[in-house]
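Listing of coords.cif; format and content: mmCIF, C-alpha atoms.
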```cif
data_model
#
loop_
_atom_site.group_PDB
_atom_site.id
_atom_site.type_symbol
_atom_site.label_atom_id
_atom_site.label_comp_id
_atom_site.auth_asym_id
_atom_site.auth_seq_id
_atom_site.Cartn_x
_atom_site.Cartn_y
_atom_site.Cartn_z
ATOM 1 C CA MET G 16 1.434 64.784 20.541
ATOM 2 C CA ARG G 17 3.825 61.895 21.137
ATOM 3 C CA LYS G 18 1.443 60.383 23.652
ATOM 4 C CA ILE G 19 -1.446 60.503 21.181
ATOM 5 C CA PHE G 20 0.723 58.932 18.485
ATOM 6 C CA PHE G 21 1.788 56.173 20.910
ATOM 7 C CA ILE G 22 -1.833 55.470 21.913
ATOM 8 C CA LEU G 23 -2.901 55.327 18.268
ATOM 9 C CA ILE G 24 -0.183 52.784 17.495
ATOM 10 C CA LEU G 25 -1.253 50.705 20.513
ATOM 11 C CA ILE G 26 -4.884 50.764 19.364
ATOM 12 C CA PHE G 27 -3.845 49.805 15.824
ATOM 13 C CA ILE G 28 -1.762 46.853 17.058
ATOM 14 C CA SER G 29 -4.398 45.616 19.501
ATOM 15 C CA THR G 30 -7.226 45.799 16.938
ATOM 16 C CA ASN G 31 -5.066 43.944 14.417
ATOM 17 C CA LEU G 32 -4.276 41.260 16.967
ATOM 18 C CA ALA G 33 -7.919 40.977 17.943
ATOM 19 C CA SER G 34 -9.100 40.669 14.342
ATOM 20 C CA GLY G 35 -6.452 37.980 13.659
ATOM 21 C CA GLU G 36 -7.645 36.064 16.693
ATOM 22 C CA ASN G 37 -11.261 36.398 15.556
ATOM 23 C CA ILE G 38 -10.504 34.944 12.131
ATOM 24 C CA ASN G 39 -8.645 32.078 13.802
ATOM 25 C CA ASN G 40 -11.540 31.333 16.126
ATOM 26 C CA LYS G 41 -14.090 31.605 13.342
ATOM 27 C CA ILE G 42 -12.183 29.124 11.184
ATOM 28 C CA LEU G 43 -11.571 26.703 14.066
ATOM 29 C CA LYS G 44 -15.267 26.729 14.969
ATOM 30 C CA ASN G 45 -16.100 25.687 11.402
ATOM 31 C CA LEU G 46 -13.703 22.731 11.393
ATOM 32 C CA ARG G 47 -14.669 19.266 12.574
ATOM 33 C CA CYS G 48 -12.322 17.343 14.845
ATOM 34 C CA LEU G 49 -11.814 14.057 12.997
ATOM 35 C CA VAL G 50 -10.699 12.035 15.994
ATOM 36 C CA CYS G 51 -13.407 13.277 18.356
ATOM 37 C CA GLN G 52 -16.437 13.395 16.102
ATOM 38 C CA GLY G 53 -19.159 15.876 16.838
ATOM 39 C CA GLN G 54 -16.714 18.355 18.328
ATOM 40 C CA ALA G 55 -15.272 21.396 16.611
ATOM 41 C CA ILE G 56 -11.506 21.836 16.451
ATOM 42 C CA SER G 57 -11.914 24.948 18.624
ATOM 43 C CA ASP G 58 -13.517 22.884 21.417
ATOM 44 C CA SER G 59 -11.134 19.953 21.285
ATOM 45 C CA ASN G 60 -7.871 19.395 23.083
ATOM 46 C CA SER G 61 -6.922 16.306 21.099
ATOM 47 C CA ASP G 62 -3.500 16.043 19.517
ATOM 48 C CA PHE G 63 -5.016 16.370 16.039
ATOM 49 C CA ALA G 64 -6.936 19.504 17.037
ATOM 50 C CA GLN G 65 -3.786 21.087 18.497
ATOM 51 C CA ILE G 66 -1.916 20.490 15.225
ATOM 52 C CA ILE G 67 -4.750 21.899 13.103
ATOM 53 C CA LYS G 68 -4.988 24.941 15.407
ATOM 54 C CA SER G 69 -1.318 25.752 14.886
ATOM 55 C CA VAL G 70 -1.522 25.070 11.122
ATOM 56 C CA VAL G 71 -4.500 27.454 10.828
ATOM 57 C CA GLU G 72 -2.607 30.069 12.853
ATOM 58 C CA ASP G 73 0.372 29.731 10.484
ATOM 59 C CA LYS G 74 -1.829 29.998 7.407
ATOM 60 C CA VAL G 75 -3.556 33.137 8.751
ATOM 61 C CA GLN G 76 -0.150 34.667 9.429
ATOM 62 C CA GLU G 77 0.981 33.708 5.922
ATOM 63 C CA GLY G 78 -1.914 35.828 4.674
ATOM 64 C CA LEU G 79 -4.240 33.100 3.393
ATOM 65 C CA THR G 80 -7.922 33.968 3.343
ATOM 66 C CA GLU G 81 -10.531 32.023 5.267
ATOM 67 C CA ARG G 82 -11.733 30.381 2.037
ATOM 68 C CA GLU G 83 -8.193 29.390 1.031
ATOM 69 C CA ILE G 84 -7.626 27.750 4.414
ATOM 70 C CA TYR G 85 -10.870 25.753 4.112
ATOM 71 C CA LYS G 86 -9.854 24.728 0.579
ATOM 72 C CA PHE G 87 -6.412 23.593 1.760
ATOM 73 C CA LEU G 88 -7.841 21.507 4.590
ATOM 74 C CA SER G 89 -10.669 20.006 2.540
ATOM 75 C CA GLU G 90 -8.141 18.953 -0.115
ATOM 76 C CA LYS G 91 -6.252 17.034 2.543
ATOM 77 C CA TYR G 92 -9.103 15.672 4.648
ATOM 78 C CA GLY G 93 -12.132 15.930 2.381
ATOM 79 C CA ASP G 94 -15.232 18.063 2.938
ATOM 80 C CA TRP G 95 -15.905 16.022 6.089
ATOM 81 C CA ILE G 96 -13.585 18.367 7.992
ATOM 82 C CA LEU G 97 -15.890 21.314 7.235
ATOM 83 C CA PHE G 98 -19.055 21.833 9.233
ATOM 84 C CA ASN G 99 -20.351 23.908 6.354
ATOM 85 C CA PRO G 100 -19.912 21.834 3.189
ATOM 86 C CA PRO G 101 -19.376 23.785 -0.038
ATOM 87 C CA LEU G 102 -21.851 23.788 -2.915
ATOM 88 C CA LYS G 103 -20.758 20.928 -5.187
ATOM 89 C CA LYS G 104 -22.409 18.552 -7.648
ATOM 90 C CA ASP G 105 -22.963 15.905 -4.978
ATOM 91 C CA SER G 106 -24.305 18.390 -2.424
ATOM 92 C CA TYR G 107 -26.891 20.069 -4.678
ATOM 93 C CA LEU G 108 -29.637 17.965 -3.102
ATOM 94 C CA LEU G 109 -28.534 18.931 0.398
ATOM 95 C CA TRP G 110 -28.595 22.629 -0.419
ATOM 96 C CA PHE G 111 -31.656 22.859 -2.636
ATOM 97 C CA LEU G 112 -33.994 20.215 -1.215
ATOM 98 C CA PRO G 113 -35.339 22.485 1.579
ATOM 99 C CA TYR G 114 -36.151 25.219 -0.961
ATOM 100 C CA LEU G 115 -37.673 22.672 -3.334
ATOM 101 C CA LEU G 116 -39.845 21.223 -0.556
ATOM 102 C CA PHE G 117 -40.857 24.733 0.471
ATOM 103 C CA ILE G 118 -41.939 25.586 -3.082
ATOM 104 C CA LEU G 119 -43.728 22.249 -3.556
ATOM 105 C CA GLY G 120 -45.470 22.700 -0.197
ATOM 106 C CA GLY G 121 -46.579 26.180 -1.275
ATOM 107 C CA ILE G 122 -47.961 24.819 -4.558
ATOM 108 C CA ALA G 123 -49.779 22.005 -2.729
ATOM 109 C CA VAL G 124 -51.385 24.441 -0.286
ATOM 110 C CA TYR G 125 -52.356 26.759 -3.160
ATOM 111 C CA LEU G 126 -53.969 23.902 -5.112
ATOM 112 C CA MET G 127 -55.848 22.681 -2.045
ATOM 113 C CA ILE G 128 -57.234 26.140 -1.341
ATOM 114 C CA LYS G 129 -58.128 26.647 -5.000
ATOM 115 C CA LYS G 130 -59.983 23.354 -5.232
ATOM 116 C CA ARG G 131 -61.977 23.899 -2.033
ATOM 117 C CA PRO G 132 -65.531 24.931 -2.933
ATOM 118 C CA ILE G 133 -66.359 28.491 -1.962
ATOM 119 C CA GLU G 134 -68.875 28.531 0.849
ATOM 120 C CA LYS G 135 -72.013 30.323 0.006
ATOM 121 C CA LYS G 136 -72.999 32.999 2.465
ATOM 122 C CA MET I 3 -59.251 9.728 0.872
ATOM 123 C CA LYS I 4 -58.483 10.653 -2.701
ATOM 124 C CA LYS I 5 -56.151 8.420 -4.709
ATOM 125 C CA SER I 6 -53.780 11.334 -5.490
ATOM 126 C CA HIS I 7 -53.450 12.180 -1.768
ATOM 127 C CA LEU I 8 -52.606 8.566 -1.015
ATOM 128 C CA ILE I 9 -49.895 8.562 -3.696
ATOM 129 C CA ILE I 10 -48.371 11.783 -2.293
ATOM 130 C CA ILE I 11 -48.335 10.359 1.244
ATOM 131 C CA CYS I 12 -46.761 7.113 -0.017
ATOM 132 C CA ILE I 13 -44.037 9.020 -1.920
ATOM 133 C CA PHE I 14 -43.372 11.110 1.184
ATOM 134 C CA PHE I 15 -42.945 8.023 3.404
ATOM 135 C CA ILE I 16 -40.770 6.239 0.815
ATOM 136 C CA PHE I 17 -38.560 9.345 0.662
ATOM 137 C CA ILE I 18 -38.231 9.523 4.471
ATOM 138 C CA PHE I 19 -37.546 5.775 4.696
ATOM 139 C CA THR I 20 -34.854 5.741 1.976
ATOM 140 C CA THR I 21 -33.144 8.839 3.400
ATOM 141 C CA LEU I 22 -33.001 7.297 6.880
ATOM 142 C CA TYR I 23 -31.944 3.911 5.485
ATOM 143 C CA PHE I 24 -29.003 5.351 3.542
ATOM 144 C CA SER I 25 -28.046 7.609 6.456
ATOM 145 C CA LEU I 26 -27.893 4.619 8.803
ATOM 146 C CA HIS I 27 -25.714 2.685 6.384
ATOM 147 C CA ASN I 28 -23.483 5.628 5.626
ATOM 148 C CA LYS I 29 -20.038 5.104 7.172
ATOM 149 C CA LYS I 30 -19.420 7.820 9.749
ATOM 150 C CA ILE I 31 -15.793 6.805 10.278
ATOM 151 C CA TYR I 32 -13.539 9.227 8.496
ATOM 152 C CA ASN I 33 -11.090 7.961 5.901
ATOM 153 C CA THR I 34 -8.762 9.741 3.549
ATOM 154 C CA GLU I 35 -9.585 7.698 0.446
ATOM 155 C CA GLU I 36 -10.253 10.979 -1.341
ATOM 156 C CA LEU I 37 -6.500 11.539 -1.448
ATOM 157 C CA VAL I 38 -5.961 8.467 -3.624
ATOM 158 C CA GLY I 39 -5.325 9.529 -7.224
ATOM 159 C CA GLN I 40 -4.189 13.017 -6.220
ATOM 160 C CA LYS I 41 -0.619 14.244 -6.608
ATOM 161 C CA ILE I 42 1.429 14.301 -3.434
ATOM 162 C CA SER I 43 2.002 17.768 -1.959
ATOM 163 C CA GLU I 44 5.386 19.310 -2.430
ATOM 164 C CA VAL I 45 6.789 19.486 1.089
ATOM 165 C CA GLU I 46 10.282 20.125 2.383
ATOM 166 C CA LEU I 47 11.008 17.555 5.091
ATOM 167 C CA THR I 48 13.868 17.917 7.565
ATOM 168 C CA LEU I 49 16.054 14.829 7.778
ATOM 169 C CA PHE I 50 16.277 12.984 11.075
ATOM 170 C CA ASN I 51 20.052 12.758 11.345
ATOM 171 C CA ASN I 52 21.046 16.217 10.178
ATOM 172 C CA GLU I 53 19.586 19.579 9.262
ATOM 173 C CA LYS I 54 19.423 18.772 5.538
ATOM 174 C CA THR I 55 16.079 18.535 3.819
ATOM 175 C CA PHE I 56 14.282 16.234 1.409
ATOM 176 C CA ASN I 57 11.694 17.602 -0.975
ATOM 177 C CA THR I 58 8.831 15.247 -1.763
ATOM 178 C CA LYS I 59 9.062 16.161 -5.461
ATOM 179 C CA ASN I 60 12.285 14.068 -5.454
ATOM 180 C CA ILE I 61 10.121 10.985 -4.984
ATOM 181 C CA SER I 62 10.056 10.986 -8.807
ATOM 182 C CA ASN I 63 13.633 9.645 -8.688
ATOM 183 C CA TYR I 64 12.308 6.301 -7.487
ATOM 184 C CA ARG I 65 9.855 3.793 -8.967
ATOM 185 C CA PHE I 66 7.643 3.512 -5.892
ATOM 186 C CA VAL I 67 7.905 5.211 -2.530
ATOM 187 C CA LEU I 68 6.158 4.327 0.685
ATOM 188 C CA LEU I 69 5.769 7.237 3.082
ATOM 189 C CA ASN I 70 5.387 5.902 6.585
ATOM 190 C CA PHE I 71 4.416 8.116 9.533
ATOM 191 C CA TRP I 72 5.567 6.560 12.801
ATOM 192 C CA ALA I 73 6.759 7.276 16.338
ATOM 193 C CA SER I 74 8.476 5.299 19.073
ATOM 194 C CA TRP I 75 5.599 6.046 21.485
ATOM 195 C CA CYS I 76 3.042 4.532 19.120
ATOM 196 C CA LEU I 77 2.270 0.898 19.916
ATOM 197 C CA PRO I 78 0.632 0.026 16.570
ATOM 198 C CA CYS I 79 3.837 1.300 14.879
ATOM 199 C CA ARG I 80 5.764 -1.373 16.758
ATOM 200 C CA LYS I 81 3.253 -3.925 15.482
ATOM 201 C CA GLU I 82 3.623 -2.929 11.819
ATOM 202 C CA HIS I 83 7.403 -2.501 11.873
ATOM 203 C CA LYS I 84 8.181 -6.100 10.925
ATOM 204 C CA ASN I 85 6.021 -5.640 7.817
ATOM 205 C CA LEU I 86 7.978 -2.539 6.837
ATOM 206 C CA ILE I 87 11.186 -4.573 7.189
ATOM 207 C CA ILE I 88 9.718 -7.156 4.773
ATOM 208 C CA LEU I 89 8.783 -4.434 2.267
ATOM 209 C CA SER I 90 12.175 -2.717 2.554
ATOM 210 C CA LYS I 91 13.767 -5.793 0.930
ATOM 211 C CA ASN I 92 11.892 -5.141 -2.322
ATOM 212 C CA LYS I 93 14.063 -3.485 -4.992
ATOM 213 C CA ASN I 94 11.171 -1.576 -6.559
ATOM 214 C CA LEU I 95 10.290 0.216 -3.352
ATOM 215 C CA LYS I 96 11.947 2.859 -1.204
ATOM 216 C CA ILE I 97 10.510 3.581 2.214
ATOM 217 C CA ILE I 98 10.650 7.105 3.587
ATOM 218 C CA GLY I 99 9.975 7.241 7.298
ATOM 219 C CA ILE I 100 8.568 10.379 8.885
ATOM 220 C CA ASN I 101 9.136 10.373 12.587
ATOM 221 C CA PHE I 102 6.055 12.076 14.012
ATOM 222 C CA LYS I 103 6.204 14.248 17.174
ATOM 223 C CA ASP I 104 8.822 12.031 18.748
ATOM 224 C CA ASN I 105 11.811 12.156 21.043
ATOM 225 C CA LYS I 106 14.968 11.579 18.973
ATOM 226 C CA ILE I 107 16.673 9.376 21.550
ATOM 227 C CA ASN I 108 13.620 7.124 21.861
ATOM 228 C CA ALA I 109 13.250 6.984 18.066
ATOM 229 C CA LYS I 110 16.889 5.921 17.660
ATOM 230 C CA LYS I 111 16.442 3.290 20.374
ATOM 231 C CA PHE I 112 13.310 2.008 18.584
ATOM 232 C CA LEU I 113 15.142 1.603 15.269
ATOM 233 C CA LYS I 114 18.150 -0.042 16.923
ATOM 234 C CA GLU I 115 15.885 -2.555 18.602
ATOM 235 C CA MET I 116 13.447 -3.226 15.734
ATOM 236 C CA GLY I 117 15.639 -2.602 12.666
ATOM 237 C CA ASN I 118 15.673 0.282 10.210
ATOM 238 C CA PRO I 119 13.583 -0.217 7.054
ATOM 239 C CA PHE I 120 13.874 3.432 5.983
ATOM 240 C CA PHE I 121 15.783 4.523 2.904
ATOM 241 C CA ILE I 122 15.333 8.121 4.037
ATOM 242 C CA LEU I 123 14.349 9.129 7.538
ATOM 243 C CA ALA I 124 12.772 12.528 8.060
ATOM 244 C CA THR I 125 11.229 14.154 11.068
ATOM 245 C CA ASP I 126 8.095 16.149 11.808
ATOM 246 C CA ILE I 127 8.610 17.339 15.367
ATOM 247 C CA LYS I 128 5.507 19.528 15.577
ATOM 248 C CA GLY I 129 3.302 17.304 13.391
ATOM 249 C CA LYS I 130 2.400 20.234 11.123
ATOM 250 C CA LYS I 131 4.069 18.882 7.967
ATOM 251 C CA SER I 132 1.937 15.747 8.160
ATOM 252 C CA VAL I 133 -1.205 17.826 7.599
ATOM 253 C CA ASN I 134 -0.021 18.224 3.979
ATOM 254 C CA PHE I 135 -0.424 14.459 3.605
ATOM 255 C CA GLY I 136 -3.837 14.293 5.269
ATOM 256 C CA VAL I 137 -2.448 12.493 8.317
ATOM 257 C CA TYR I 138 -4.605 12.594 11.427
ATOM 258 C CA GLY I 139 -3.135 9.819 13.513
ATOM 259 C CA ILE I 140 -0.297 7.385 13.309
ATOM 260 C CA PRO I 141 0.693 4.972 11.918
ATOM 261 C CA GLU I 142 -0.331 6.013 8.436
ATOM 262 C CA THR I 143 1.286 4.908 5.194
ATOM 263 C CA ILE I 144 1.046 6.321 1.682
ATOM 264 C CA LEU I 145 2.158 4.523 -1.475
ATOM 265 C CA VAL I 146 3.333 6.972 -4.138
ATOM 266 C CA SER I 147 4.256 6.238 -7.754
ATOM 267 C CA GLN I 148 7.078 7.817 -9.754
ATOM 268 C CA ASP I 149 4.724 10.420 -11.237
ATOM 269 C CA LEU I 150 3.962 11.541 -7.652
ATOM 270 C CA THR I 151 0.444 10.095 -7.657
ATOM 271 C CA ILE I 152 -0.926 8.687 -4.424
ATOM 272 C CA LEU I 153 -1.803 5.055 -5.180
ATOM 273 C CA LYS I 154 -2.895 3.872 -1.760
ATOM 274 C CA LYS I 155 -3.302 5.225 1.709
ATOM 275 C CA TYR I 156 -3.329 2.982 4.763
ATOM 276 C CA ILE I 157 -4.668 4.247 8.049
ATOM 277 C CA GLY I 158 -3.470 2.216 11.006
ATOM 278 C CA PRO I 159 -0.778 -0.461 11.137
ATOM 279 C CA LEU I 160 0.122 -2.315 7.941
ATOM 280 C CA ASN I 161 -0.845 -5.975 8.110
ATOM 281 C CA LEU I 162 0.231 -8.893 5.907
ATOM 282 C CA LYS I 163 -2.740 -8.372 3.606
ATOM 283 C CA ASP I 164 -1.599 -4.783 3.011
ATOM 284 C CA VAL I 165 1.972 -5.975 2.437
ATOM 285 C CA ASN I 166 0.783 -8.403 -0.242
ATOM 286 C CA GLU I 167 -1.342 -5.698 -1.847
ATOM 287 C CA ILE I 168 1.634 -3.316 -1.973
ATOM 288 C CA LYS I 169 3.880 -6.066 -3.375
ATOM 289 C CA LYS I 170 1.316 -6.799 -6.065
ATOM 290 C CA ILE I 171 1.249 -3.129 -7.135
ATOM 291 C CA ILE I 172 5.011 -2.570 -7.142
ATOM 292 C CA ASN I 173 5.862 -5.844 -8.856
ATOM 293 C CA LYS I 174 3.545 -5.248 -11.822
#
```
Taking this structure as input, can you express it in the form of structure tokens?
Amino acid sequence: MRKIFFILILIFISTNLASGENINNKILKNLRCLVCQGQAISDSNSDFAQIIKSVVEDKVQEGLTEREIYKFLSEKYGDWILFNPPLKKDSYLLWFLPYLLFILGGIAVYLMIKKRPIEKK
Amino acid sequence: MKKSHLIIICIFFIFIFTTLYFSLHNKKIYNTEELVGQKISEVELTLFNNEKTFNTKNISNYRFVLLNFWASWCLPCRKEHKNLIILSKNKNLKIIGINFKDNKINAKKFLKEMGNPFFILATDIKGKKSVNFGVYGIPETILVSQDLTILKKYIGPLNLKDVNEIKKIINK
């Protein structure tokens, strides 16, 4: 019985550790390294990246959610630090233009087909 | 080709051209100008000479405060130091130095050699506190008003032009 209890505790601790690490990695992959542009914080060994990695680790341990951590960092460094910019007034175009073009394209194709004279058999 | 088709194609090419044109002229170099106008974060900084702390909300006790992030290993910091000495002579301004990821002995040696312009000297050994101020490299300097608003942020060493700009703001 004791052994089972011990194993269960071990599993609980290891899964918790693993999930914490996953959140860390997920966040770090979504953050841009500002001193080595084009690279994610997770891939960079720069001084800045090392600091951000440990700050993110601290924030996760403090119990902040992924969204709260992104908000904290974007307040300090702007949305440029995020690979996935949030939906804001100035990013409406970025988010909705593909859908708009898709709809307009669909309408254009529909009109072209409609206007084409039906071939007589 | 129909006139309407020609107009659509023209609009499409104008759109592509303007998008590419603005993208090419868009500055890719990161700056923290977005911080200007925001309130400074409330951070507890450990003092350099003892284990006491200084809370950034106490900046409100002074008319203007210049937060300067520096280190003895940073060559541009050496370059800007003489400008900090000039600014430290102004009665309206207090300079708070934050020694960034530095060796204490080297930092002391640096100040002994170059002079100490800092009213308060704090330390950020791991560099984590500086994230609260949007610092990503040193030297960086932030001018804060009595109501804790960030007035200016300088990335890189302060030059004489910056010194004059700061003087103009604090002597108003």
Could you list, as an mmCIF file with C-alpha atoms, in the coordinates of the input, every residue of chain I that has an atom within 7 Å of an atom of chain G, counting all atoms listed in the file?
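What landed in out.cif:
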```cif
data_model
loop_
_atom_site.group_PDB
_atom_site.id
_atom_site.type_symbol
_atom_site.label_atom_id
_atom_site.label_comp_id
_atom_site.auth_asym_id
_atom_site.auth_seq_id
_atom_site.Cartn_x
_atom_site.Cartn_y
_atom_site.Cartn_z
ATOM 1 C CA TYR I 32 -13.539 9.227 8.496
ATOM 2 C CA THR I 34 -8.762 9.741 3.549
ATOM 3 C CA GLU I 36 -10.253 10.979 -1.341
ATOM 4 C CA LEU I 37 -6.500 11.539 -1.448
ATOM 5 C CA GLY I 129 3.302 17.304 13.391
ATOM 6 C CA LYS I 130 2.400 20.234 11.123
ATOM 7 C CA ASN I 134 -0.021 18.224 3.979
ATOM 8 C CA PHE I 135 -0.424 14.459 3.605
ATOM 9 C CA GLY I 136 -3.837 14.293 5.269
ATOM 10 C CA TYR I 138 -4.605 12.594 11.427
#
```
So that I can check the surroundings of I:Asp104, please list as an MDAnalysis selection string every protein, DNA and RNA residue that reaches within 12 Å of it, counting only C-alpha atoms and ignoring chain neighbours fewer than 3 positions away. chainID I and resid 50 71:76 100:101 107:112 124:129 140
So which residues get picked by the PyMOL selection byres ((chain I and resi 144) around 7) here, written as a list in words?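 With the shown file as input, the PyMOL selection byres ((chain I and resi 144) around 7) matches Leu68, Leu69, Asn70, Glu142, Thr143, Leu145, Val146, Ile152, Lys154, Lys155 and Tyr156 of chain I.
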Tell me, as a ChimeraX atom specification, which residues lie within 9 Å of stretch 163-171 of chain I, counting only C-alpha atoms; anything in the same chain fewer than 6 positions away does not count. /I:85-86,88-89,92,95,145,153-154,156
Taking the file as shown, what set of residues would the PyMOL selection byres ((chain I and resi 44) around 10) give back, as an NGL selection string? :I and (41-43 or 45-47 or 57-61 or 134-135 or 150)
Around all the atoms of stretch 73-82 of chain I listed in the file, with 3 Å of room on each side, what axis-aligned box do you get, giving centre and edge lengths in Å to one decimal, as JSON?
```
{"center_x": 4.6, "center_y": 1.7, "center_z": 16.7, "size_x": 13.8, "size_y": 17.2, "size_z": 15.7}
```
Quick check, in Å to one decimal: how far apart do atom CA of I:Ser25 and atom CA of G:Ala123 lie?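 Straight-line distance from atom CA of I:Ser25 to atom CA of G:Ala123 works out to 27.6 Å.
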Provide the atom CA of G:Lys86 to atom CA of G:Trp110 distance in Å, to one decimal place. 18.9 Å
Distance criterion (all atoms listed in the file): nearest to I:Lys81 out of I:Met116, I:Lys131, I:Phe17, I:Val137: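 The shortest atom-to-atom distance to I:Lys81 comes from I:Met116.
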